[in-house]
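All remarks here apply to the structure that follows.
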Amino acid sequence: MKRRPFIWDLVKAFVSTLLFILVINHWIVKPVRVVGASMYPTLENGQVGFSNILINQLESIDRFDVVILAIEQNQEEVYIVKRVVGLPNETLEVKDDVLYIDNVAVEQSFFDNAWYDSITGSLNGNFTNDFGPITLGSDQYYVLGDNRRFSQDSRYYGPFSQEDIVAKDIYVIYPFSDFKIIRK
């Protein structure tokens, strides 16, 4: 008789914990593990953190926000991390590594200048291949990886809708020495 209540308590604790994790993971935060170099140097391969689902529902998506996007690969939903560069109803293009939004050059101040200068100085060609002009629809966002030469982003997948954006902002928690909050 004494074993049954203990097992029942254990089952209840397990189910409660599982439900708590599911609620947190579905409505509040999204775990993030960086795979690849597409967001380098902002995010590095192997970093672990979380992204805010709730704030994505409460705030608008702004230019240069770092977001988590849901995409389908091999009939499976996977998540990628990218930076929003184009907002709904804008026309954007890149010419000679300059981003133009509605024919106005836009400074990309999030780039680490020393890293960017070292990369662009060693390239035979542009850091960001020229593209556009592309005019976005009323619910479309254009995203790029910070490491443009090694990123599959909107240039590959096309524009994303608000529904594709799962979360925004990244809170890097591992490795512990890399702790940081990335908003823009």
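By order of appearance in the structure tokens: chains A, B, ..., then residues from 1 within every chain, and ligands from 1 in the order shown.
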
Checklist entry - Hey, what does DSSP flag as strand (DSSP E) within stretch 37-140 of chain A? Can you give it to me as a VMD selection string? => result chain A and resid 48 to 52 66 to 73 76 to 86 91 to 95 98 to 101 104 to 106 131 to 135 140

Checklist entry - A:Ser161: which residues within 8 Å, counting only C-alpha atoms, same-chain residues fewer than 5 positions away excluded, as an MDAnalysis selection string? => result chainID A and resid 139:141

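Neighbours of A:Leu99 closer than or equal to 10 Å, with only C-alpha atoms counted and sequence neighbours fewer than 4 positions away skipped, come out as Val85, Gly86, Leu92, Glu93, Val94, Lys95, Asn103, Val104, Ala105, Val106, Glu107, Gln108, Thr128, Asp130 and Phe131 of chain A.
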
Item to check | Contact residues around A:Asn89 with only C-alpha atoms at 6 Å, ignoring same-chain residues under 3 positions, as a list in words | outcome: Leu136, Gly137 and Ser138 of chain A

Please produce a file of the residues just selected, as a tab-separated table (two decimals), in the first residue's frame, where the atoms kept are C-alpha atoms.
```tsv
chain	number	residue	atom	x	y	z
A	136	LEU	CA	7.87	42.71	-50.04
A	137	GLY	CA	4.17	42.07	-49.49
A	138	SER	CA	2.09	43.38	-46.60
```

Next on the checklist: One decimal, in Å: what's the spacing between atom CA of A:Ser16 and atom CA of A:Tyr174?
Outcome noted: 26.7 Å

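Minimum atom-to-atom distances from A:Glu44, A:Asp65, A:Glu76, A:Asp96 to A:Ile165 were compared using only C-alpha atoms, and the lowest value belongs to A:Asp65.
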
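Proximity ranking of A:Ile7, A:Ala13, A:Ile134, A:Val84 relative to A:Ile68 places A:Val84 first, based on only C-alpha atoms.
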